[in-house]
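Visitor: First the structure, then my questions, so here it is.
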Amino acid sequence: MATVATDIHHNLGFTTGAISPPRANTAPPLNVLRILRDTSLIVALLLINKGGTTGALIFFATLAVMLFRSPKSAFQAMAICYLGLMINQYFVPKTLVWTPARLIMPFLAFIRFSVDLSSLKTVLISRSWYLAFLLFIATMAVGSTISGWFTQIALLKLFNFWAVTTAIMSGVLVLRSKRIDISEWFVSLILAAACFGFGSLALGVSRNFRPIVTASGEIIQSSGFNGAFLHPNLHATYATLFVTYLLLVWILGGYRKTWLTVPGIVSWFMFMAWSGSRTSIIASSIGAAILVAYARPIVNRHGWLLKPTVKRGTLITLIVIVGAGVAAWDIATSGSISTSLIQFINKGDAEAAAEGLDTTQILSSRKALIELSWQNFQENALFGIGFGVAKTEAFVRTATLMTAPAEKGFLPTAILEEGGLMGASTFVLFLFMFIQQLVRERNIAGLVTFVAFIATNIGEVTILSPGGAGSFGWMTVGAAMVLGDHCWTPPSAWSRSAWPASQAT
């Protein structure tokens with residue numbers, strides 16, 4: 001019996017020193033009252049920052065207590081921090097406390113999760129994808145040193161990227177090893193963010209983001225919809241991953257009442273459309289397409305079952321019906337929908353939309369950044385210019401050890417610019433090894449979310465930016481990996497109740 005249990009455990013990716021058998025949740029998700037409670041608590045905790053410096057100190061003190069309370073609350077504390085980091089300034093003012101506190105958080109979490117992993121007799125470095133990740137870090141460190149372009153800032157950013165990613169993935173390993181489910185709570189977190197979106201509309205602060213500063217230093221005013229966030233473009237990462245995660249819970253989550261996620265899905269699709277974020281729509285569609293492909297009953301070699309709440313055939317039929325309905329309405333209204341769609345893609349006015357898709361207009365917002373990255377790569381082809389830095393007047397003028405934003409518009413050219421051929425090669429190896437691990441574990445939720453996360457970097461590179469939206473992106477990938485373990489149902493012969501109570505963790 002123990003041998004078979006071990007095989008099942010390894011097949012699902014729980015390769016820890018001690019076996020933590022599946023067990024029944026004492027309070028099965030999804031529960032309306034608990035979701036409302038947790039959503040309210042998250043909103044209230046973030047709103048403490050309205051108290052200025054004192055409020056921020058209380059906020060981070062609370063997160064620090066959560067970090068050392070339990071692995072689950074530690075992961076929750078990091079998620080709240082990285083959500084709050086990009087929440088609309090009206091609701092969560094970013095006082096001076098935020099700069100050092102958000103840098104200290106991952107190191108405290110790393111210490112906490114390292115102790116947990118030690119008790120479990122397992123280490124993150126035993127994973128092949130993590131070795132590839134360390135190779136990428138080492139290559140970028142060498143390249144940043146050779147480049148000599150703001151080397152201290154590049155190395156500090158690289159160290160922070162390693163620390164944040166390692167802390168998050170260490171926490172994920174602990175949660176998965178201990179079979180701790182955070183899915184219901186993460187749904188609450190997403191709904192809490194939606195509350196800020198609706199709140200910004202009610203209070204008239206949905207378009208209050210700061211002016212855009214271009215690579216050349218030009219200041220551009222805009223009236224775009226930022227809603228819950230500091231900037232409209234943040235919908236590319238946050239809203240995409242919100243929708244992807246909620247879709248996963250709805251379709252693959254082995255819980256009752258998964259329909260509770262549908263209002264959240266609709267809300268965030270609406271916010272994405274209002275923000276004009278084309279990247280969010282594209283990335284969400286890519287994630288949804290992969291999810292639809294997996295929306296069918298799957299049985300692994302040990303008899304564990306993955307049974308979607310909504311089958312693939314039903315989803316495809318629903319898509320066809322909606323598509324046909326949209327097409328019929330578009331014809332009946334003389335192309336009103338197609339005109340609006342073209343206008344959305346072009347990011348132009350109605351008159352421009354009447355002329356059809358404009359490639360120049362579509363690429364205008366990213367063309368300059370892509371061309372600059374490509375030029376820098378050609379001049380530094382082997383090792384690049386350095387991690388997280390830029391050769392722009394704005395970067396040179398504002399870069400400090402505490403804050404040095406560098407906008408990059410397209411992941412392939414960005415990684416070539418910063419790491420050259422050497423850095424880009426090790427980065428691709430890391431991506432391949434990470435995806436391979438998810439495929440080997442059949443962690444469909446993690447795979448879908450990670451692919452969607454990568455897709456968000458088509459128009460806004462965040463995957464390498466733990467100081468911004470990238471941190472929450474990695475948190476969501478980790479939460480999805482945890483969700484992926486709880487989508488499987490054991491065969492009846494291995495029901496959860498069959499395990500001796502002494503073996504439960």
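Each chain of the structure tokens is named A, B, ... in the order shown, its residues numbered from 1; ligands are numbered from 1 in display order.
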Pick out the residues sitting within 10 Å of Phe150 of chain A, and hand them over as a compact mmCIF listing (two decimals) with N, CA and C atoms, in the first residue's frame; count only C-alpha atoms, and ignore anything fewer than 5 positions along from it in its own chain.

Guide:
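Heads up, here's the output in around-v9.txt:
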```txt
# COMPACT_ATOMS: atom_id res chain seq x y z
N SER A 144 25.87 41.50 -16.82
CA SER A 144 25.68 42.83 -16.24
C SER A 144 26.99 43.43 -15.78
N THR A 145 27.88 42.58 -15.27
CA THR A 145 29.20 43.05 -14.84
C THR A 145 30.06 43.45 -16.03
N LEU A 155 22.74 44.47 -10.85
CA LEU A 155 22.97 43.34 -9.94
C LEU A 155 21.98 43.35 -8.79
N ILE A 385 23.11 44.53 -22.29
CA ILE A 385 23.47 45.75 -21.56
C ILE A 385 23.35 45.60 -20.06
N GLY A 386 22.74 44.52 -19.59
CA GLY A 386 22.58 44.31 -18.15
C GLY A 386 21.13 44.11 -17.75
N PHE A 387 20.91 43.46 -16.64
CA PHE A 387 19.57 43.08 -16.19
C PHE A 387 18.79 44.29 -15.68
N GLY A 388 17.61 44.51 -16.24
CA GLY A 388 16.69 45.52 -15.73
C GLY A 388 17.10 46.96 -15.91
N VAL A 389 18.04 47.21 -16.83
CA VAL A 389 18.46 48.59 -17.06
C VAL A 389 18.07 49.01 -18.47
N ALA A 390 18.21 50.29 -18.76
CA ALA A 390 17.85 50.82 -20.07
C ALA A 390 18.79 51.95 -20.45
N LYS A 391 18.95 52.14 -21.73
CA LYS A 391 19.79 53.23 -22.23
C LYS A 391 18.91 54.34 -22.78
N VAL A 396 18.49 57.18 -17.16
CA VAL A 396 19.72 57.78 -16.65
C VAL A 396 19.41 58.88 -15.64
N ALA A 399 17.30 56.87 -12.33
CA ALA A 399 17.71 55.60 -11.73
C ALA A 399 18.45 55.80 -10.42
N THR A 400 17.99 55.09 -9.38
CA THR A 400 18.66 55.06 -8.08
C THR A 400 18.67 53.62 -7.60
N LEU A 401 19.38 53.36 -6.51
CA LEU A 401 19.44 52.00 -5.97
C LEU A 401 18.09 51.56 -5.41
```

Visitor: So which one's closest to Phe430 of chain A, A:Ala289, A:Ile316, A:Met66, A:Leu131? Using only C-alpha atoms, please.

Guide: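 Comparing A:Ala289, A:Ile316, A:Met66, A:Leu131 against Phe430 of chain A, the winner is A:Leu131.
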
Visitor: Taking only C-alpha atoms into account, which of A:Leu464, A:Leu305, A:Met78, A:Val115 comes nearest Ala101 of chain A?

Guide: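 The answer is A:Met78, which sits nearest to Ala101 of chain A.
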
Visitor: At a cut-off of 10 Å, using only C-alpha atoms, what residues contact Ser275 of chain A? Leave out same-chain residues fewer than 5 positions from it and give the result as an mmCIF file with C-alpha atoms, in the first residue's frame.

Guide:
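As a result, result_39.cif now contains:
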```cif
data_model
loop_
_atom_site.group_PDB
_atom_site.id
_atom_site.type_symbol
_atom_site.label_atom_id
_atom_site.label_comp_id
_atom_site.auth_asym_id
_atom_site.auth_seq_id
_atom_site.Cartn_x
_atom_site.Cartn_y
_atom_site.Cartn_z
ATOM 1 C CA SER A 206 -11.116 55.420 -12.189
ATOM 2 C CA ARG A 207 -8.961 57.635 -14.459
ATOM 3 C CA SER A 223 -7.658 59.829 -19.706
ATOM 4 C CA GLY A 224 -7.585 56.045 -19.947
ATOM 5 C CA PHE A 225 -9.397 53.775 -17.476
ATOM 6 C CA ASN A 226 -7.073 52.481 -14.748
ATOM 7 C CA GLY A 227 -9.839 51.448 -12.332
ATOM 8 C CA HIS A 231 -2.155 52.467 -14.602
ATOM 9 C CA PRO A 232 -4.391 51.032 -17.381
ATOM 10 C CA ASN A 233 -1.565 48.792 -18.661
ATOM 11 C CA LEU A 234 -1.553 46.858 -15.391
ATOM 12 C CA HIS A 235 -4.683 45.092 -16.612
ATOM 13 C CA ALA A 236 -2.366 43.222 -18.979
ATOM 14 C CA PHE A 269 -13.350 41.137 -18.804
ATOM 15 C CA MET A 270 -15.369 44.346 -18.572
ATOM 16 C CA SER A 280 -4.901 41.456 -21.622
ATOM 17 C CA PHE A 344 -10.303 48.914 -29.807
#
```

Visitor: Give me, please, the distance in Å between atom CA of Ser284 of chain A and atom CA of Phe271 of chain A, quoted to one decimal.

Guide: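 Computed distance, atom CA of Ser284 of chain A to atom CA of Phe271 of chain A, equals 12.9 Å.
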
Visitor: Please return, as a list in words, all residues of segment 254-503 of chain A that DSSP assigns to strand (DSSP E) on the basis of the backbone.

Guide: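 Of segment 254-503 of chain A, only Ile298, Val299, Leu305, Leu306, Trp488 and Thr489 of chain A fall in strand (DSSP E).
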
Visitor: Between A:Val299, A:Phe229, A:Arg112, A:Ser177, which one has atoms that come closest to Met272 of chain A, using only C-alpha atoms?

Guide: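 Result for the nearest residue to Met272 of chain A: A:Phe229.
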
Visitor: For each of A:Thr166, A:Thr426, A:Asn208, A:Thr279, take the minimum atom-to-atom distance to Ile454 of chain A, counting only C-alpha atoms, then give the residue where this is smallest.

Guide: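 Among the listed residues, the smallest separation from Ile454 of chain A belongs to A:Thr279.
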
Visitor: Quick one, how far is atom CA of Trp129 of chain A from atom CA of Phe427 of chain A?

Guide: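 Here the two named atoms are 10.8 Å from each other.
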
Visitor: Taking into account only C-alpha atoms, which residue in the set A:Leu124, A:Leu201, A:Ile281, A:Ala445 is nearest to Pro308 of chain A?

Guide: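 So, comparing all the options, the nearest one is A:Ala445.
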
Visitor: Which residues in segment 283-485 of chain A does DSSP call helix (DSSP H, G or I)? List them as JSON, numbers by chain.

Guide: {"A": [283, 284, 285, 286, 287, 288, 289, 290, 291, 292, 293, 294, 312, 313, 314, 315, 316, 317, 318, 319, 320, 321, 322, 323, 324, 325, 326, 327, 328, 329, 330, 331, 332, 336, 337, 338, 339, 340, 341, 342, 343, 344, 345, 346, 350, 351, 352, 353, 359, 360, 361, 362, 363, 364, 365, 366, 367, 368, 369, 370, 371, 372, 373, 374, 375, 376, 377, 378, 379, 393, 394, 395, 396, 397, 398, 411, 412, 413, 414, 415, 416, 417, 418, 419, 420, 421, 422, 423, 424, 425, 426, 427, 428, 429, 430, 431, 432, 433, 434, 435, 436, 437, 438, 439, 440, 441, 444, 445, 446, 447, 448, 449, 450, 451, 452, 453, 454, 455, 456, 469, 470, 471, 472, 473, 474, 475, 476, 477, 478, 479, 480, 481, 482, 483, 484, 485]}

Visitor: Taking 5 positions as the minimum chain separation for residues in the same chain, which residues sit within 9 Å of Phe159 of chain A when counting only C-alpha atoms? Answer as a list in words.

Guide: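 Once the adjacent positions are removed, what remains is Ile137, Ala141, Ala154 and Val164 of chain A.
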
Visitor: Please produce a file of those selected residues containing C-alpha atoms, as a short mmCIF file (atom, residue, chain, number, x, y, z; two decimals), in the first residue's frame.

Guide:
```cif
data_model
loop_
_atom_site.label_atom_id
_atom_site.label_comp_id
_atom_site.auth_asym_id
_atom_site.auth_seq_id
_atom_site.Cartn_x
_atom_site.Cartn_y
_atom_site.Cartn_z
CA ILE A 137 20.79 34.29 -12.85
CA ALA A 141 25.21 38.53 -13.38
CA ALA A 154 21.50 45.70 -12.55
CA VAL A 164 11.36 37.10 -4.85
#
```

Visitor: Give me the residues near Ala61 of chain A as a list of chain:residue names, where near means some atom within 12 Å (using only C-alpha atoms) and where sequence neighbours in that chain fewer than 6 positions away do not count.

Guide: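 My list of contacting residues is A:Leu45, A:Ile48, A:Asn49, A:Thr54, A:Gly55, A:Leu67, A:Phe68, A:Ala77, A:Cys81, A:Val97, A:Trp98, A:Ala101, A:Arg102, A:Ile104, A:Met105.
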
Visitor: Save the residues we just selected, N, CA and C atoms, as a short mmCIF file (atom, residue, chain, number, x, y, z; two decimals), in the first residue's frame?

Guide:
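Saved result, part.cif, follows:
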```cif
data_model
loop_
_atom_site.label_atom_id
_atom_site.label_comp_id
_atom_site.auth_asym_id
_atom_site.auth_seq_id
_atom_site.Cartn_x
_atom_site.Cartn_y
_atom_site.Cartn_z
N LEU A 45 -7.81 45.52 5.09
CA LEU A 45 -6.38 45.55 5.38
C LEU A 45 -5.65 46.51 4.45
N ILE A 48 -6.13 50.25 5.19
CA ILE A 48 -5.39 50.80 6.32
C ILE A 48 -4.33 51.79 5.85
N ASN A 49 -3.84 51.59 4.60
CA ASN A 49 -2.83 52.48 4.05
C ASN A 49 -3.35 53.91 3.85
N THR A 54 1.63 56.06 9.13
CA THR A 54 1.22 55.22 10.27
C THR A 54 0.41 54.02 9.78
N GLY A 55 -0.49 54.27 8.85
CA GLY A 55 -1.29 53.18 8.31
C GLY A 55 -0.44 52.15 7.59
N LEU A 67 3.36 36.42 8.10
CA LEU A 67 4.49 35.67 7.53
C LEU A 67 4.94 34.54 8.44
N PHE A 68 4.93 34.79 9.73
CA PHE A 68 5.48 33.81 10.66
C PHE A 68 4.40 33.02 11.40
N ALA A 77 0.15 36.70 2.83
CA ALA A 77 0.73 38.01 3.12
C ALA A 77 1.48 38.55 1.91
N CYS A 81 0.54 41.90 -0.34
CA CYS A 81 1.55 42.94 -0.54
C CYS A 81 1.70 43.28 -2.02
N VAL A 97 7.19 54.20 3.34
CA VAL A 97 7.30 52.90 4.01
C VAL A 97 7.30 51.77 2.98
N TRP A 98 6.58 51.95 1.88
CA TRP A 98 6.42 50.88 0.91
C TRP A 98 7.74 50.47 0.25
N ALA A 101 9.84 48.28 2.75
CA ALA A 101 9.04 47.17 3.27
C ALA A 101 8.81 46.09 2.21
N ARG A 102 8.50 46.52 0.98
CA ARG A 102 8.24 45.53 -0.07
C ARG A 102 9.52 44.80 -0.49
N ILE A 104 11.90 44.04 1.81
CA ILE A 104 12.22 43.15 2.94
C ILE A 104 11.30 41.93 2.96
N MET A 105 10.06 42.11 2.53
CA MET A 105 9.06 41.04 2.58
C MET A 105 9.54 39.70 2.02
#
```
